[in-house]
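Okay, structure first, notes after.
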Protein chains: 2
Amino acid sequence: MSDNDAMTAARTSTPQPLADPLSGAASPGAGMGLRERKKLKTRIAIRDATYRLIRERGYEATTVEQIAEAAEVSPSTVFRYFPTKEDIVLTDEYDPLLEEDLRARPADEPIVESLRHVLRRAVGLGFTEEPEISRLRTKLMVEVPAVRSRMLESMSVTGHMLCRVIADRTGRDADDLEVRTFSMGLIGALTETAAYWAEHDHQDDLGDLVDRTLGMLSAGFAGPEVASPSGGRL
Amino acid sequence: MSDNDAMTAARTSTPQPLADPLSGAASPGAGMGLRERKKLKTRIAIRDATYRLIRERGYEATTVEQIAEAAEVSPSTVFRYFPTKEDIVLTDEYDPLLEEDLRARPADEPIVESLRHVLRRAVGLGFTEEPEISRLRTKLMVEVPAVRSRMLESMSVTGHMLCRVIADRTGRDADDLEVRTFSMGLIGALTETAAYWAEHDHQDDLGDLVDRTLGMLSAGFAGPEVASPSGGRL
DNA sequence: CACCTTTTGAGAGTTACTCTCAATTCATGC
DNA sequence: GCATGAATTGAGAGTAACTCTCAAAAGGTG
């Protein structure tokens, strides 16, 4: 979860070959047939049009019809590519990358530590490639109820990914209560980190915030007290 | 969060005096004027009608119009009482009770420990008072995307409550990054516990599951390993 | 270039939700 | 009791996000 990453791609009708998760990137899907390339272009066109319109007139004021018109497709097509309006904003294809990075870390490293490294990179990546998008997304996630709601779906998808990784590492079942709650606890904390970042107008460095969050978690939920003014433990 | 408790009551137009959070309970709002009493009765009628219809024909197949008819009010009135259809299902008034219980615990007790005690009681309470409701709710939360989505709103409200309690205990600010992520981490894990419970057909004892979750959390996120087949740490 | 499959657009329909306004219902002072 | 004012309700019209169906268009293949 670079920030609100993760996605509901799972619910998207066509689970795109994802190839290149970043819209603005160079060659949109080189190699595959014309059909595939066109689909990718349409997808990107819809996403870009959406972000542009939302920036111009706000989320609620932007209708799917307008998005369709701006992207030069029919409204039906928009819904074929994204099951809901919120998904146009929230969907991305970072999860597989994240999973890959995570699995590349040494298996005996504590998962929180692995996450720290992986997210550090993801955050940096998101910034160089799509500097505006992360900000707009987190902002919408904080300000627009409908988007925030849909976030849980994203969290859930990323959470399941985490469960699988942890399960493979530890030999436990991915459906273990402990594995699941641990994962969702992490995702919840990280999502809140993104929300905090947005609420404070993106003034802090997201990487630092993530570090602090993970540091707090490994210092321990109710374990040794975290430095606090009153010395009280959490 | 007895299970998916917590609520979006905050977004409800009229923040009811909540008096008696349980619909089936004895005297619906004794003491207050006729107006207030009628409002409470309407609220309960809508909620009960909704649960009945959903049980009979499922969530999606139940329209707000049908709910209105069954509750003998107009559709407009339904929306006046509950901002969204999902809220009819998710809204409850447990949060204030939870907060009260939480504040009644000794301030030097680790918060996870306090939660264990408080939730133990809440779970028991939810069972004796509304045995069916908790099950239906968690089931819907797992099965109906729209309801699950709305959950994040609930989680957020409960999370803020937790933040305030922790802030008061520790002298920190309720908006501290650490306080917030810690809280949402907890809520995320607990919500997942409820989901787990529902997905396994409510066969386990929810209180036990909550105990396991909290035990895992205080044993430590990446701290000493949790007993696991391979001995790997989380 | 013909054949088959996939993708698209057009259009009609459903439903959750919003807004406005007039009618009703409760609360209050006399 | 009853008149006056405030809160609550219902009716109705309107919007916008979806869903479904079907025919047209475009891509892939022999």
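Note on naming: chains are A, B, ... as they come in the structure tokens, residues start from 1 per chain, ligands start from 1 in the order shown.
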Problem set entry | 12 Å contacts from chain A to chain D using only C-alpha atoms (C1' of nucleotides), as a PyMOL selection string | chain A and resi 33-39+60-66+75-76+78-80+82-86+146
Exercise. What's the 12 Å shell around segment 160-163 of chain B, counting only C-alpha atoms (C1' of nucleotides), without same-chain residues fewer than 5 positions away, as JSON, numbers by chain?
Worked result: {"A": [192, 234], "B": [1, 6, 7, 8, 10, 94, 95, 96, 97, 98, 99, 100, 101, 102, 103, 111, 112, 114, 115, 153, 154, 155, 168, 169, 170, 171, 172, 173, 174, 175, 176, 177, 178, 179, 180, 181, 182, 183, 184, 185, 186, 187]}
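Set the cut-off at 9 Å, count only C-alpha atoms (C1' of nucleotides), and the residues of chain C near chain A turn out to be DT6, DT7, DT8, DG9 and DA10 of chain C.
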Could those selected residues go to a file with all heavy atoms, as an mmCIF file, in the first residue's frame?
data_model
loop_
_atom_site.group_PDB
_atom_site.id
_atom_site.type_symbol
_atom_site.label_atom_id
_atom_site.label_comp_id
_atom_site.auth_asym_id
_atom_site.auth_seq_id
_atom_site.Cartn_x
_atom_site.Cartn_y
_atom_site.Cartn_z
ATOM 1 P P DT C 6 -14.545 -14.547 -27.590
ATOM 2 O OP1 DT C 6 -13.555 -15.240 -26.755
ATOM 3 O OP2 DT C 6 -15.995 -14.786 -27.413
ATOM 4 O "O5'" DT C 6 -14.275 -12.988 -27.480
ATOM 5 C "C5'" DT C 6 -13.058 -12.474 -28.003
ATOM 6 C "C4'" DT C 6 -13.162 -10.976 -28.136
ATOM 7 O "O4'" DT C 6 -14.106 -10.635 -29.175
ATOM 8 C "C3'" DT C 6 -13.661 -10.271 -26.867
ATOM 9 O "O3'" DT C 6 -12.682 -9.302 -26.532
ATOM 10 C "C2'" DT C 6 -14.986 -9.643 -27.276
ATOM 11 C "C1'" DT C 6 -14.834 -9.498 -28.786
ATOM 12 N N1 DT C 6 -16.096 -9.507 -29.574
ATOM 13 C C2 DT C 6 -16.370 -8.467 -30.443
ATOM 14 O O2 DT C 6 -15.638 -7.512 -30.595
ATOM 15 N N3 DT C 6 -17.547 -8.592 -31.136
ATOM 16 C C4 DT C 6 -18.468 -9.626 -31.054
ATOM 17 O O4 DT C 6 -19.485 -9.632 -31.727
ATOM 18 C C5 DT C 6 -18.122 -10.680 -30.128
ATOM 19 C C7 DT C 6 -19.042 -11.851 -29.935
ATOM 20 C C6 DT C 6 -16.968 -10.578 -29.437
ATOM 21 P P DT C 7 -12.855 -8.433 -25.222
ATOM 22 O OP1 DT C 7 -11.502 -8.130 -24.716
ATOM 23 O OP2 DT C 7 -13.870 -9.073 -24.355
ATOM 24 O "O5'" DT C 7 -13.468 -7.088 -25.810
ATOM 25 C "C5'" DT C 7 -12.800 -6.442 -26.885
ATOM 26 C "C4'" DT C 7 -13.647 -5.299 -27.383
ATOM 27 O "O4'" DT C 7 -14.810 -5.808 -28.068
ATOM 28 C "C3'" DT C 7 -14.178 -4.368 -26.287
ATOM 29 O "O3'" DT C 7 -13.724 -3.064 -26.572
ATOM 30 C "C2'" DT C 7 -15.691 -4.508 -26.382
ATOM 31 C "C1'" DT C 7 -15.880 -4.939 -27.818
ATOM 32 N N1 DT C 7 -17.137 -5.682 -28.099
ATOM 33 C C2 DT C 7 -18.007 -5.198 -29.051
ATOM 34 O O2 DT C 7 -17.822 -4.174 -29.663
ATOM 35 N N3 DT C 7 -19.125 -5.971 -29.251
ATOM 36 C C4 DT C 7 -19.436 -7.168 -28.611
ATOM 37 O O4 DT C 7 -20.466 -7.779 -28.877
ATOM 38 C C5 DT C 7 -18.487 -7.617 -27.624
ATOM 39 C C7 DT C 7 -18.731 -8.880 -26.873
ATOM 40 C C6 DT C 7 -17.389 -6.860 -27.419
ATOM 41 P P DT C 8 -14.123 -1.871 -25.641
ATOM 42 O OP1 DT C 8 -13.044 -0.854 -25.725
ATOM 43 O OP2 DT C 8 -14.540 -2.435 -24.348
ATOM 44 O "O5'" DT C 8 -15.394 -1.288 -26.388
ATOM 45 C "C5'" DT C 8 -15.235 -0.663 -27.653
ATOM 46 C "C4'" DT C 8 -16.590 -0.263 -28.181
ATOM 47 O "O4'" DT C 8 -17.438 -1.429 -28.226
ATOM 48 C "C3'" DT C 8 -17.338 0.757 -27.327
ATOM 49 O "O3'" DT C 8 -17.362 1.993 -28.016
ATOM 50 C "C2'" DT C 8 -18.741 0.160 -27.156
ATOM 51 C "C1'" DT C 8 -18.762 -1.000 -28.133
ATOM 52 N N1 DT C 8 -19.552 -2.171 -27.695
ATOM 53 C C2 DT C 8 -20.727 -2.468 -28.347
ATOM 54 O O2 DT C 8 -21.184 -1.807 -29.252
ATOM 55 N N3 DT C 8 -21.383 -3.588 -27.865
ATOM 56 C C4 DT C 8 -20.965 -4.411 -26.847
ATOM 57 O O4 DT C 8 -21.631 -5.395 -26.498
ATOM 58 C C5 DT C 8 -19.728 -4.054 -26.198
ATOM 59 C C7 DT C 8 -19.189 -4.885 -25.085
ATOM 60 C C6 DT C 8 -19.082 -2.955 -26.652
ATOM 61 P P DG C 9 -17.916 3.273 -27.282
ATOM 62 O OP1 DG C 9 -17.251 4.452 -27.871
ATOM 63 O OP2 DG C 9 -17.835 3.020 -25.834
ATOM 64 O "O5'" DG C 9 -19.438 3.272 -27.748
ATOM 65 C "C5'" DG C 9 -19.698 3.118 -29.122
ATOM 66 C "C4'" DG C 9 -21.185 3.210 -29.394
ATOM 67 O "O4'" DG C 9 -21.811 1.944 -29.033
ATOM 68 C "C3'" DG C 9 -21.935 4.280 -28.601
ATOM 69 O "O3'" DG C 9 -22.890 4.852 -29.474
ATOM 70 C "C2'" DG C 9 -22.573 3.499 -27.456
ATOM 71 C "C1'" DG C 9 -22.860 2.156 -28.119
ATOM 72 N N9 DG C 9 -22.853 1.004 -27.223
ATOM 73 C C8 DG C 9 -21.981 0.735 -26.202
ATOM 74 N N7 DG C 9 -22.215 -0.400 -25.606
ATOM 75 C C5 DG C 9 -23.306 -0.917 -26.278
ATOM 76 C C6 DG C 9 -24.002 -2.131 -26.073
ATOM 77 O O6 DG C 9 -23.793 -3.012 -25.236
ATOM 78 N N1 DG C 9 -25.062 -2.286 -26.972
ATOM 79 C C2 DG C 9 -25.385 -1.373 -27.945
ATOM 80 N N2 DG C 9 -26.417 -1.677 -28.708
ATOM 81 N N3 DG C 9 -24.735 -0.232 -28.149
ATOM 82 C C4 DG C 9 -23.708 -0.072 -27.278
ATOM 83 P P DA C 10 -23.653 6.162 -29.109
ATOM 84 O OP1 DA C 10 -23.447 7.102 -30.225
ATOM 85 O OP2 DA C 10 -23.276 6.557 -27.737
ATOM 86 O "O5'" DA C 10 -25.171 5.688 -29.118
ATOM 87 C "C5'" DA C 10 -25.559 4.625 -29.960
ATOM 88 C "C4'" DA C 10 -26.967 4.175 -29.613
ATOM 89 O "O4'" DA C 10 -26.888 2.970 -28.810
ATOM 90 C "C3'" DA C 10 -27.804 5.179 -28.807
ATOM 91 O "O3'" DA C 10 -29.107 5.199 -29.345
ATOM 92 C "C2'" DA C 10 -27.748 4.627 -27.393
ATOM 93 C "C1'" DA C 10 -27.665 3.122 -27.653
ATOM 94 N N9 DA C 10 -26.991 2.367 -26.596
ATOM 95 C C8 DA C 10 -25.876 2.729 -25.908
ATOM 96 N N7 DA C 10 -25.474 1.846 -25.019
ATOM 97 C C5 DA C 10 -26.411 0.829 -25.135
ATOM 98 C C6 DA C 10 -26.549 -0.404 -24.467
ATOM 99 N N6 DA C 10 -25.715 -0.826 -23.520
ATOM 100 N N1 DA C 10 -27.586 -1.190 -24.818
ATOM 101 C C2 DA C 10 -28.421 -0.765 -25.775
ATOM 102 N N3 DA C 10 -28.389 0.374 -26.472
ATOM 103 C C4 DA C 10 -27.349 1.129 -26.100
#
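Each of B:Lys41, B:Ala195, B:Gly58, B:Thr213 was compared to Thr138 of chain B using only C-alpha atoms, and B:Ala195 turns out to be the nearest.
Across the model, the gap from atom CA of Glu69 of chain B to atom CA of Ile44 of chain B is 14.1 Å.
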For this session: Based on DSSP run over this structure's backbone, return all residues of segment 17-151 of chain A in alpha helix (DSSP H), as number ranges by chain.
Result: A: 34-57, 64-71, 75-81, 85-90, 94-104, 111-129, 131-143, 145-151
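Take atom CA of Leu90 of chain A and atom CA of Thr50 of chain A: the distance between them is 11.3 Å.
Using only C-alpha atoms, the nearest neighbour of chain A within the list B:Ile67, B:Leu136, B:Pro110, B:Ser156 is B:Pro110.
When atom CA of Tyr81 of chain B is paired with atom CA of Arg52 of chain B, their separation reads 17.8 Å.
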